[in-house]
$ cat my_file33.txt   # compact mmCIF, C-alpha atoms
# COMPACT_ATOMS: atom_id res chain seq x y z
CA MET B 1181 0.00 0.00 0.00
CA GLN B 1182 1.47 3.27 -1.06
CA ARG B 1183 1.21 6.30 1.19
CA ARG B 1184 0.61 9.56 -0.61
CA THR B 1185 1.00 13.03 0.74
CA ILE B 1186 -0.05 16.38 -0.60
CA THR B 1187 2.18 19.36 -0.12
CA THR B 1188 0.42 22.67 0.11
CA THR B 1189 1.13 26.28 0.72
CA PRO B 1190 -0.88 28.13 3.36
CA GLN B 1191 -2.75 29.96 0.61
CA GLN B 1192 -3.66 26.97 -1.53
CA VAL B 1193 -5.20 23.75 -0.31
CA SER B 1194 -6.81 21.60 -2.95
CA LEU B 1195 -9.57 19.75 -1.16
CA GLU B 1196 -10.50 18.17 -4.50
CA GLN B 1197 -7.01 16.65 -4.73
CA ALA B 1198 -7.19 15.57 -1.07
CA PHE B 1199 -10.54 13.92 -1.78
CA GLU B 1200 -9.11 11.92 -4.68
CA VAL B 1201 -6.12 10.80 -2.62
CA PHE B 1202 -7.63 10.24 0.83
CA TYR B 1203 -11.28 9.29 0.37
CA PRO B 1204 -10.50 5.56 0.05
CA ALA B 1205 -8.35 5.68 3.21
CA VAL B 1206 -11.06 7.53 5.18
CA PHE B 1207 -13.62 4.98 3.97
CA ARG B 1208 -11.34 2.09 5.07
CA TYR B 1209 -10.81 3.80 8.43
CA PHE B 1210 -14.54 3.69 9.12
CA ARG B 1211 -14.75 0.08 7.91
CA PHE B 1212 -11.93 -0.88 10.29
CA ARG B 1213 -13.84 0.86 13.07
CA GLY B 1214 -16.79 -1.46 12.41
CA ALA B 1215 -19.08 0.51 10.11
CA ASP B 1216 -20.93 -1.29 7.34
CA ALA B 1217 -20.17 -0.16 3.80
CA ASP B 1218 -23.09 2.29 3.54
CA THR B 1219 -22.36 3.89 6.91
CA ALA B 1220 -18.64 4.10 6.12
CA ASN B 1221 -19.47 5.81 2.83
CA ASP B 1222 -21.81 8.27 4.57
CA LEU B 1223 -19.24 9.06 7.27
CA ALA B 1224 -16.41 9.44 4.75
CA SER B 1225 -18.58 11.78 2.67
CA SER B 1226 -19.49 13.74 5.80
CA THR B 1227 -15.79 14.06 6.62
CA PHE B 1228 -15.14 15.81 3.33
CA GLU B 1229 -18.30 17.92 3.60
CA ARG B 1230 -17.15 19.15 7.00
CA ALA B 1231 -13.65 19.74 5.61
CA LEU B 1232 -15.12 21.83 2.79
CA LYS B 1233 -17.11 23.93 5.27
CA ASN B 1234 -14.03 24.45 7.46
CA ILE B 1235 -11.28 24.70 4.84
CA ALA B 1236 -10.52 28.25 5.91
CA SER B 1237 -9.48 26.96 9.34
CA PHE B 1238 -6.94 24.50 7.90
CA ASP B 1239 -3.37 25.60 8.49
CA PRO B 1240 -0.79 23.43 6.70
CA ARG B 1241 1.91 24.82 9.02
CA LYS B 1242 0.21 23.05 11.94
CA ALA B 1243 -0.62 19.69 10.36
CA GLN B 1244 -0.69 17.82 7.08
CA ILE B 1245 -4.05 17.77 5.35
CA GLN B 1246 -4.23 13.99 5.87
CA THR B 1247 -3.92 14.42 9.64
CA TRP B 1248 -6.52 17.20 9.60
CA LEU B 1249 -8.95 15.02 7.62
CA PHE B 1250 -8.50 12.08 9.98
CA THR B 1251 -9.09 14.35 12.95
CA ILE B 1252 -12.41 15.30 11.39
CA ALA B 1253 -13.13 11.63 10.59
CA HIS B 1254 -12.28 10.56 14.13
CA ASN B 1255 -14.60 13.19 15.63
CA LEU B 1256 -17.42 12.26 13.26
CA GLY B 1257 -16.99 8.59 14.17
CA VAL B 1258 -17.05 9.32 17.89
CA ASN B 1259 -20.23 11.36 17.49
CA HIS B 1260 -21.81 8.72 15.25
CA TRP B 1261 -21.21 5.85 17.63
CA LYS B 1262 -22.23 7.88 20.66
CA ALA B 1263 -25.50 8.75 18.95
CA GLU B 1264 -26.11 5.27 17.61
CA LYS B 1265 -24.61 3.37 20.56
CA LEU B 1266 -23.72 0.56 18.24
CA THR B 1267 -20.80 -1.27 16.79
CA ALA B 1268 -21.92 -2.44 13.41
CA PRO B 1269 -20.31 -5.65 12.21
CA LEU B 1270 -17.99 -5.57 9.25
CA ASP B 1271 -20.00 -8.02 7.21
CA ASP B 1272 -19.37 -7.15 3.61
CA ASP B 1273 -16.94 -5.56 1.21
CA LEU B 1274 -14.00 -7.69 2.27
CA PRO B 1275 -12.64 -9.27 -0.88
CA ILE B 1276 -14.01 -12.68 -1.72
CA PRO B 1277 -12.72 -14.17 -4.98
CA ASP B 1278 -15.18 -14.47 -7.84
CA ASP B 1279 -17.13 -17.73 -7.66
CA PRO B 1280 -14.96 -19.51 -5.08
CA PRO B 1281 -15.78 -23.11 -4.30
CA LEU B 1282 -18.41 -23.28 -1.54
CA GLU B 1283 -15.95 -24.70 0.99
CA GLN B 1284 -13.45 -21.91 0.32
CA ALA B 1285 -16.18 -19.25 0.57
CA LEU B 1286 -17.30 -20.65 3.94
CA ILE B 1287 -13.72 -20.63 5.23
CA LEU B 1288 -13.30 -16.99 4.15
CA ILE B 1289 -16.52 -16.02 5.93
CA GLN B 1290 -15.50 -17.94 9.04
CA ASP B 1291 -12.03 -16.33 9.02
CA LYS B 1292 -13.60 -12.88 8.64
CA GLU B 1293 -15.87 -13.51 11.62
CA GLN B 1294 -12.92 -14.68 13.72
CA ILE B 1295 -10.94 -11.57 12.82
CA LEU B 1296 -13.90 -9.34 13.70
CA GLN B 1297 -14.35 -11.07 17.06
CA ALA B 1298 -10.64 -10.76 17.77
CA LEU B 1299 -10.70 -7.04 16.88
CA GLN B 1300 -13.66 -6.49 19.20
CA SER B 1301 -11.68 -8.02 22.06
CA LEU B 1302 -9.12 -5.20 21.82
CA ASP B 1303 -9.54 -2.04 23.82
CA HIS B 1304 -10.78 1.15 22.15
CA ARG B 1305 -7.32 2.71 21.83
CA ALA B 1306 -5.89 -0.40 20.17
CA ARG B 1307 -8.79 -0.65 17.68
CA GLU B 1308 -8.52 3.06 16.89
CA THR B 1309 -4.76 2.82 16.35
CA LEU B 1310 -5.12 -0.22 14.08
CA ALA B 1311 -7.91 1.50 12.13
CA LEU B 1312 -5.79 4.59 11.56
CA LYS B 1313 -2.71 2.56 10.61
CA PHE B 1314 -4.24 -0.05 8.32
CA GLY B 1315 -7.56 1.54 7.37
CA GLY B 1316 -6.40 5.13 7.11
CA LEU B 1317 -2.81 4.34 6.08
CA LEU B 1318 -1.48 6.99 8.44
CA THR B 1319 2.12 6.91 9.64
CA ASN B 1320 2.95 6.33 13.28
CA ARG B 1321 3.87 10.01 13.59
CA GLN B 1322 0.50 11.10 12.19
CA ILE B 1323 -1.32 8.72 14.54
CA ALA B 1324 0.73 10.05 17.45
CA ASP B 1325 -0.12 13.65 16.56
CA LEU B 1326 -3.80 12.81 16.20
CA ASN B 1327 -4.02 11.01 19.56
CA ASN B 1328 -1.55 13.06 21.62
CA LEU B 1329 0.83 10.11 21.98
CA THR B 1330 4.50 9.66 21.26
CA GLU B 1331 5.53 7.95 18.07
CA SER B 1332 7.15 5.13 20.04
CA ASN B 1333 3.96 4.69 22.10
CA VAL B 1334 2.03 4.22 18.86
CA GLY B 1335 4.57 1.61 17.76
CA VAL B 1336 4.18 -0.26 21.06
CA ILE B 1337 0.37 -0.15 20.83
CA LEU B 1338 0.49 -1.49 17.27
CA TYR B 1339 2.97 -4.23 18.16
CA ARG B 1340 1.04 -5.39 21.22
CA SER B 1341 -2.30 -5.22 19.42
CA LEU B 1342 -1.05 -7.26 16.49
CA MET B 1343 0.54 -9.81 18.82
CA LYS B 1344 -2.72 -10.10 20.76
CA LEU B 1345 -4.68 -10.55 17.53
CA ARG B 1346 -2.20 -13.14 16.29
CA ASN B 1347 -2.45 -15.08 19.60
CA LEU B 1348 -6.25 -14.89 19.67
CA LEU B 1349 -6.55 -16.12 16.10
CA ALA B 1350 -3.99 -18.89 16.68
CA ASN B 1351 -5.89 -20.02 19.81
CA GLU B 1352 -9.16 -20.06 17.88
CA LYS B 1353 -7.59 -22.20 15.13
CA THR B 1354 -6.16 -24.57 17.74
CA GLU B 1355 -9.56 -24.87 19.44
CA ALA B 1356 -11.27 -25.42 16.10
CA ASN B 1357 -8.81 -28.19 15.22
CA HIS B 1358 -9.42 -29.88 18.58
CA ASP B 1359 -13.19 -29.70 18.07
CA GLN B 1360 -12.97 -31.57 14.74
$ encode --input "my_file33.txt" --output "structure tokens"
Amino acid sequence: MQRRTITTTPQQVSLEQAFEVFYPAVFRYFRFRGADADTANDLASSTFERALKNIASFDPRKAQIQTWLFTIAHNLGVNHWKAEKLTAPLDDDLPIPDDPPLEQALILIQDKEQILQALQSLDHRARETLALKFGGLLTNRQIADLNNLTESNVGVILYRSLMKLRNLLANEKTEANHDQ
């Protein structure tokens, strides 16, 4: 996955260019946070609508446009889930090969459910950090700036979260093999 950045001058910020570059990452961020595809699309669109309304307040000397957009996305997500008091399952839009054999399709669905359950077992900060890293494709420094953490703290959170996920998924596979 390639990370792209936009360099801007204080006088010129092309939100249209930012939309083209970052919309998919903002959408993935919401999907990683547990939104279904329609909700993720709505929230990603709302992120850019809010950015358009507040473009005059963006100062590229303070933050990159990507960080600013993900701050808006984060705040929209917090407000959305507070209002809805839900964690929607990630139940579609993960790639499934065209016309896989039935057994393979069932395994993919089962694996997806296991991953979702494992993600839900993580604390909020770990899920948020993973969503920003792998959904939003932000760097550790950008995640640190967004969450008032140090860059090394972000690295530790990512490492521990991934190790916990790996262990949870390995334990589930071991238990599944014993049940057969």
$ axis_aligned_box --input "my_file33.txt" --around "stretch 1320-1333 of chain B" --padding-each-side "6 Å" --output "AutoDock Vina command-line options"
--center_x 1.6 --center_y 9.2 --center_z 17.1 --size_x 23.2 --size_y 21.0 --size_z 21.9
$ atom_distance --input "my_file33.txt" --atom1 "atom CA of B:Glu1308" --atom2 "atom CA of B:Glu1355"
28.1 Å
$ closest_atom_pairs --input "my_file33.txt" --of "stretch 1282-1340 of chain B" --to "stretch 1349-1354 of chain B" --cutoff "9 Å" --atoms "all atoms listed in the file" --output "CSV"
residue,atom,partner,partner_atom,distance
B:Asp1291,CA,B:Leu1349,CA,9.0
B:Gln1294,CA,B:Leu1349,CA,7.0
B:Ile1295,CA,B:Leu1349,CA,7.1
B:Ala1298,CA,B:Leu1349,CA,6.9
$ residues_near_point --input "my_file33.txt" --point "(-6.8, 2.4, 11.3)" --cutoff "9 Å" --atoms "all atoms listed in the file" --output "ChimeraX atom specification"
/B:1205,1208-1213,1307-1318,1323
$ write_last_selection --input "my_file33.txt" --atoms "C-alpha atoms" --output "CSV table (one decimal), keeping the file's coordinate frame"
chain,number,residue,atom,x,y,z
B,1205,ALA,CA,-8.4,5.7,3.2
B,1208,ARG,CA,-11.3,2.1,5.1
B,1209,TYR,CA,-10.8,3.8,8.4
B,1210,PHE,CA,-14.5,3.7,9.1
B,1211,ARG,CA,-14.8,0.1,7.9
B,1212,PHE,CA,-11.9,-0.9,10.3
B,1213,ARG,CA,-13.8,0.9,13.1
B,1307,ARG,CA,-8.8,-0.6,17.7
B,1308,GLU,CA,-8.5,3.1,16.9
B,1309,THR,CA,-4.8,2.8,16.4
B,1310,LEU,CA,-5.1,-0.2,14.1
B,1311,ALA,CA,-7.9,1.5,12.1
B,1312,LEU,CA,-5.8,4.6,11.6
B,1313,LYS,CA,-2.7,2.6,10.6
B,1314,PHE,CA,-4.2,0.0,8.3
B,1315,GLY,CA,-7.6,1.5,7.4
B,1316,GLY,CA,-6.4,5.1,7.1
B,1317,LEU,CA,-2.8,4.3,6.1
B,1318,LEU,CA,-1.5,7.0,8.4
B,1323,ILE,CA,-1.3,8.7,14.5
$ residues_around --input "my_file33.txt" --residues "stretch 1218-1226 of chain B" --least-positions-apart "5" --cutoff "10 Å" --atoms "only C-alpha atoms" --output "NGL selection string"
:B and (1199 or 1202-1213 or 1231-1232 or 1249-1250 or 1252-1254 or 1256-1257 or 1260 or 1268)
$ closest_residue --input "my_file33.txt" --among "B:Thr1251, B:Arg1230, B:Ile1245, B:Ala1217" --to "B:Ser1194" --atoms "only C-alpha atoms"
B:Ile1245
$ atom_distance --input "my_file33.txt" --atom1 "atom CA of B:Lys1242" --atom2 "atom CA of B:His1304"
26.5 Å
$ residues_near_point --input "my_file33.txt" --point "(7.2, 8.8, 11.4)" --cutoff "12 Å" --atoms "all atoms listed in the file" --output "ChimeraX atom specification"
/B:1313,1318-1325,1330-1335
$ closest_residue --input "my_file33.txt" --among "B:Met1343, B:Leu1348, B:Leu1326, B:Val1336" --to "B:Gln1300" --atoms "all atoms listed in the file"
B:Leu1348
$ atom_distance --input "my_file33.txt" --atom1 "atom CA of B:Leu1299" --atom2 "atom CA of B:Trp1248"
25.7 Å
